[in-house]
$ cat run.cif   # mmCIF, C-alpha atoms
data_coords
loop_
_atom_site.label_atom_id
_atom_site.label_comp_id
_atom_site.auth_asym_id
_atom_site.auth_seq_id
_atom_site.Cartn_x
_atom_site.Cartn_y
_atom_site.Cartn_z
CA ALA A 1261 7.50 -11.49 -7.74
CA GLY A 1262 8.60 -9.46 -4.73
CA LYS A 1263 6.62 -6.20 -4.90
CA THR A 1264 5.47 -6.47 -1.29
CA VAL A 1265 8.97 -7.14 0.00
CA ILE A 1266 10.27 -4.08 -1.83
CA ALA A 1267 7.40 -1.99 -0.46
CA ILE A 1268 8.08 -3.12 3.11
CA TYR A 1269 11.80 -2.44 2.74
CA ALA A 1270 11.14 1.07 1.40
CA LEU A 1271 8.63 1.79 4.19
CA LEU A 1272 11.07 0.60 6.83
CA ALA A 1273 13.81 2.80 5.33
CA ALA A 1274 11.46 5.78 5.64
CA VAL A 1275 10.65 4.90 9.28
CA ALA A 1276 14.37 4.46 10.04
CA GLY A 1277 14.88 7.98 8.69
CA GLY A 1278 12.32 9.38 11.11
CA TRP A 1279 9.39 9.55 8.70
CA GLN A 1280 5.97 7.92 8.64
CA GLY A 1281 5.02 5.50 5.89
CA ALA A 1282 1.68 4.54 4.37
CA LEU A 1283 0.68 1.65 2.14
CA MET A 1284 -2.65 2.11 0.34
CA ALA A 1285 -4.46 -0.69 -1.49
CA PRO A 1286 -7.67 -0.42 -3.53
CA THR A 1287 -9.66 -3.06 -1.64
CA GLU A 1288 -10.04 -4.10 1.95
CA LEU A 1289 -9.04 -7.64 1.03
CA LEU A 1290 -5.73 -6.53 -0.49
CA ALA A 1291 -5.05 -4.09 2.37
CA THR A 1292 -5.66 -6.89 4.87
CA GLN A 1293 -3.33 -9.21 2.95
CA HIS A 1294 -0.61 -6.55 3.06
CA TRP A 1295 -1.31 -6.03 6.77
CA ASP A 1296 -1.02 -9.75 7.51
CA THR A 1297 2.30 -9.92 5.64
CA LEU A 1298 3.56 -6.84 7.46
CA GLN A 1299 2.52 -8.27 10.82
CA THR A 1300 4.43 -11.48 10.07
CA VAL A 1301 7.56 -9.73 8.83
CA LEU A 1302 7.57 -7.17 11.65
CA ALA A 1303 6.46 -9.52 14.44
CA GLN A 1304 9.58 -8.75 16.50
CA SER A 1305 9.79 -5.10 15.44
CA ARG A 1306 9.19 -2.01 17.56
CA VAL A 1307 7.70 -0.15 14.59
CA LYS A 1308 4.29 1.17 15.63
CA ARG A 1309 1.80 0.25 12.94
CA ALA A 1310 -1.92 0.24 12.26
CA LEU A 1311 -4.49 -1.03 9.78
CA LEU A 1312 -7.03 1.59 8.69
CA THR A 1313 -10.01 0.58 6.56
CA GLY A 1314 -13.67 1.53 6.44
CA ARG A 1315 -14.59 -1.48 8.56
CA ILE A 1316 -12.51 -0.40 11.54
CA GLY A 1317 -14.79 0.81 14.33
CA ALA A 1318 -15.22 4.53 14.96
CA ARG A 1319 -13.42 4.48 18.33
CA GLU A 1320 -10.41 2.63 16.90
CA GLN A 1321 -10.38 4.94 13.86
CA ARG A 1322 -10.19 7.97 16.16
CA GLU A 1323 -7.28 6.36 18.04
CA ILE A 1324 -5.46 5.67 14.76
CA HIS A 1325 -6.11 9.22 13.51
CA ALA A 1326 -4.71 10.63 16.76
CA GLY A 1327 -1.69 8.31 16.57
CA LEU A 1328 -0.92 9.33 12.99
CA GLU A 1329 -1.28 13.03 13.74
CA ALA A 1330 0.91 12.78 16.84
CA GLY A 1331 3.49 10.69 14.99
CA ASP A 1332 3.06 7.77 17.38
CA ILE A 1333 2.03 5.46 14.53
CA GLN A 1334 4.94 5.14 12.14
CA LEU A 1335 3.38 2.88 9.54
CA VAL A 1336 -0.21 2.60 8.35
CA VAL A 1337 -1.71 0.13 5.89
CA GLY A 1338 -5.15 0.75 4.54
CA THR A 1339 -7.63 1.53 1.84
CA GLN A 1340 -8.87 4.95 0.78
CA ALA A 1341 -9.64 5.43 4.47
CA ILE A 1342 -6.07 6.74 4.85
CA ILE A 1343 -6.73 9.68 2.50
CA GLN A 1344 -9.87 10.92 4.20
CA GLU A 1345 -9.85 14.57 5.22
CA LYS A 1346 -9.80 13.73 8.93
CA VAL A 1347 -6.56 11.72 8.57
CA LYS A 1348 -3.53 13.90 9.29
CA PHE A 1349 0.03 12.69 9.34
CA SER A 1350 2.72 14.16 11.53
CA ASN A 1351 5.65 13.47 9.22
CA LEU A 1352 4.64 11.48 6.14
CA GLY A 1353 7.72 10.61 4.10
CA LEU A 1354 6.69 7.70 1.87
CA VAL A 1355 3.46 6.44 0.40
CA VAL A 1356 3.27 3.09 -1.38
CA ILE A 1357 0.21 2.77 -3.60
CA ASP A 1358 -0.53 -0.77 -4.74
CA GLU A 1359 -2.48 -1.25 -7.95
CA GLN A 1360 -2.24 2.50 -8.47
CA HIS A 1361 -4.26 2.38 -11.67
CA LYS A 1362 -7.36 1.68 -9.56
CA PHE A 1363 -7.09 5.10 -7.92
CA GLY A 1364 -7.94 8.41 -9.50
CA VAL A 1365 -5.63 11.38 -9.88
CA ALA A 1366 -7.31 13.21 -6.97
CA GLN A 1367 -6.89 10.20 -4.70
CA ARG A 1368 -3.18 9.92 -5.45
CA ALA A 1369 -2.76 13.70 -5.12
CA ALA A 1370 -4.37 13.70 -1.65
CA PHE A 1371 -1.00 12.83 -0.12
CA SER A 1372 0.66 15.91 -1.62
CA GLU A 1373 -1.78 18.13 0.27
CA GLN A 1374 -0.41 17.08 3.66
CA GLU A 1375 1.34 19.97 5.44
CA GLY A 1376 2.30 21.67 2.18
CA ARG A 1377 4.97 19.11 1.31
CA SER A 1378 4.81 16.01 -0.79
CA PRO A 1379 6.02 12.61 0.39
CA HIS A 1380 7.87 10.28 -1.91
CA ILE A 1381 5.40 8.02 -3.70
CA LEU A 1382 6.08 4.48 -4.86
CA VAL A 1383 3.38 3.09 -7.13
CA MET A 1384 3.16 -0.63 -7.78
CA THR A 1385 1.23 -2.66 -10.25
CA ALA A 1386 1.34 -6.11 -11.73
CA THR A 1387 -0.88 -4.84 -14.53
CA PRO A 1388 0.77 -2.10 -16.61
CA ILE A 1389 -2.34 -0.59 -18.17
CA PRO A 1390 -2.06 2.07 -20.91
CA ARG A 1391 -2.50 5.00 -18.50
CA THR A 1392 0.34 3.72 -16.29
CA LEU A 1393 2.57 3.26 -19.34
CA ALA A 1394 1.70 6.77 -20.54
CA MET A 1395 2.58 8.18 -17.11
CA ALA A 1396 5.94 6.42 -17.30
CA ALA A 1397 6.60 7.76 -20.78
CA TYR A 1398 5.32 11.33 -20.46
CA ALA A 1399 5.03 12.21 -16.78
CA ASP A 1400 7.44 12.40 -13.89
CA LEU A 1401 7.42 8.69 -13.16
CA ASP A 1402 10.52 6.53 -13.01
CA VAL A 1403 10.05 2.84 -13.77
CA SER A 1404 11.66 -0.22 -12.23
CA ALA A 1405 10.59 -3.66 -13.38
CA ILE A 1406 10.83 -6.92 -11.49
CA ASP A 1407 11.38 -9.31 -14.33
CA GLU A 1408 12.27 -12.51 -12.50
CA LEU A 1409 10.81 -14.57 -9.70
CA PRO A 1410 12.44 -14.82 -6.28
CA PRO A 1411 14.47 -18.01 -5.73
CA GLY A 1412 12.28 -21.00 -4.96
CA ARG A 1413 9.06 -19.38 -6.18
CA THR A 1414 6.87 -21.84 -8.04
CA PRO A 1415 5.73 -20.42 -11.38
CA ALA A 1416 1.99 -19.91 -11.77
CA GLN A 1417 0.32 -22.47 -13.99
CA THR A 1418 -2.61 -21.38 -16.14
CA VAL A 1419 -4.89 -24.03 -17.59
CA ALA A 1420 -8.20 -24.08 -19.42
CA LEU A 1421 -10.72 -26.72 -18.37
CA SER A 1422 -13.92 -27.75 -20.06
CA ALA A 1423 -17.21 -27.25 -18.22
CA GLU A 1424 -17.32 -30.96 -17.40
CA ARG A 1425 -14.01 -30.69 -15.49
CA ARG A 1426 -14.96 -27.52 -13.56
CA PRO A 1427 -15.58 -29.41 -10.26
CA GLU A 1428 -11.91 -30.47 -10.31
#
$ encode --input "run.cif" --output "structure tokens"
Amino acid sequence: AGKTVIAIYALLAAVAGGWQGALMAPTELLATQHWDTLQTVLAQSRVKRALLTGRIGAREQREIHAGLEAGDIQLVVGTQAIIQEKVKFSNLGLVVIDEQHKFGVAQRAAFSEQEGRSPHILVMTATPIPRTLAMAAYADLDVSAIDELPPGRTPAQTVALSAERRPE
């Protein structure tokens, strides 16, 4: 419905303002999907970016950590690997957390512990679970809803098949 496009736009606005941006997803698969989309969209861009997950080799992780701390890497996409203690940002301005309900309070709060200032945080979910709804109603969380599909998007079709038709 356009969540990823909005996230990329917000991250690029942060980078244009001189800040670093981070997009955190709960699984390596989802982080990689976001990374692939970002790579396609920013193919001609000069924005320095990196993918940081637990499967990245130790040497490359150290290079990414150094790039984030020095401010050379402007945009990072990853899993919980981006909130590890050894990851330091130079100037983190925006964090996008996809499927935020899959992260705990401490994990989301890890970004506010960077350099004594808190970045802006954009949380996204396609699944508004009760805790997310409660946060919207009672906590400091503004809500925007995407309630229509982008032009040309084919609606999802859900069907139930009998066991005999499963091979189809």
$ resolve_selection --input "run.cif" --expression "the PyMOL selection byres ((chain A and resi 1270) around 12)" --output "JSON, numbers by chain"
{"A": [1263, 1264, 1265, 1266, 1267, 1268, 1269, 1271, 1272, 1273, 1274, 1275, 1276, 1277, 1279, 1280, 1281, 1282, 1283, 1335, 1353, 1354, 1355, 1356, 1380, 1381, 1382, 1383]}
$ closest_residue --input "run.cif" --among "A:Ser1305, A:Gly1278, A:Leu1289, A:Ile1324" --to "A:Asn1351" --atoms "all atoms listed in the file"
A:Gly1278
$ atom_distance --input "run.cif" --atom1 "atom CA of A:Ser1378" --atom2 "atom CA of A:Leu1352"
8.3 Å
$ atom_distance --input "run.cif" --atom1 "atom CA of A:Ala1310" --atom2 "atom CA of A:Gly1338"
8.4 Å
$ residues_around --input "run.cif" --residues "stretch 1339-1345 of chain A" --least-positions-apart "4" --cutoff "6 Å" --atoms "only C-alpha atoms" --output "list in words"
Met1284, Ala1285, Pro1286, Thr1313 and Gly1314 of chain A
$ atom_distance --input "run.cif" --atom1 "atom CA of A:Met1384" --atom2 "atom CA of A:Arg1306"
26.1 Å
$ residues_around --input "run.cif" --residues "A:Asp1332" --least-positions-apart "6" --cutoff "9 Å" --atoms "all atoms listed in the file" --output "PyMOL selection string"
chain A and resi 1308-1309+1326+1350
$ closest_residue --input "run.cif" --among "A:Gly1262, A:Gly1412, A:Leu1290, A:Pro1379" --to "A:Glu1359" --atoms "only C-alpha atoms"
A:Leu1290
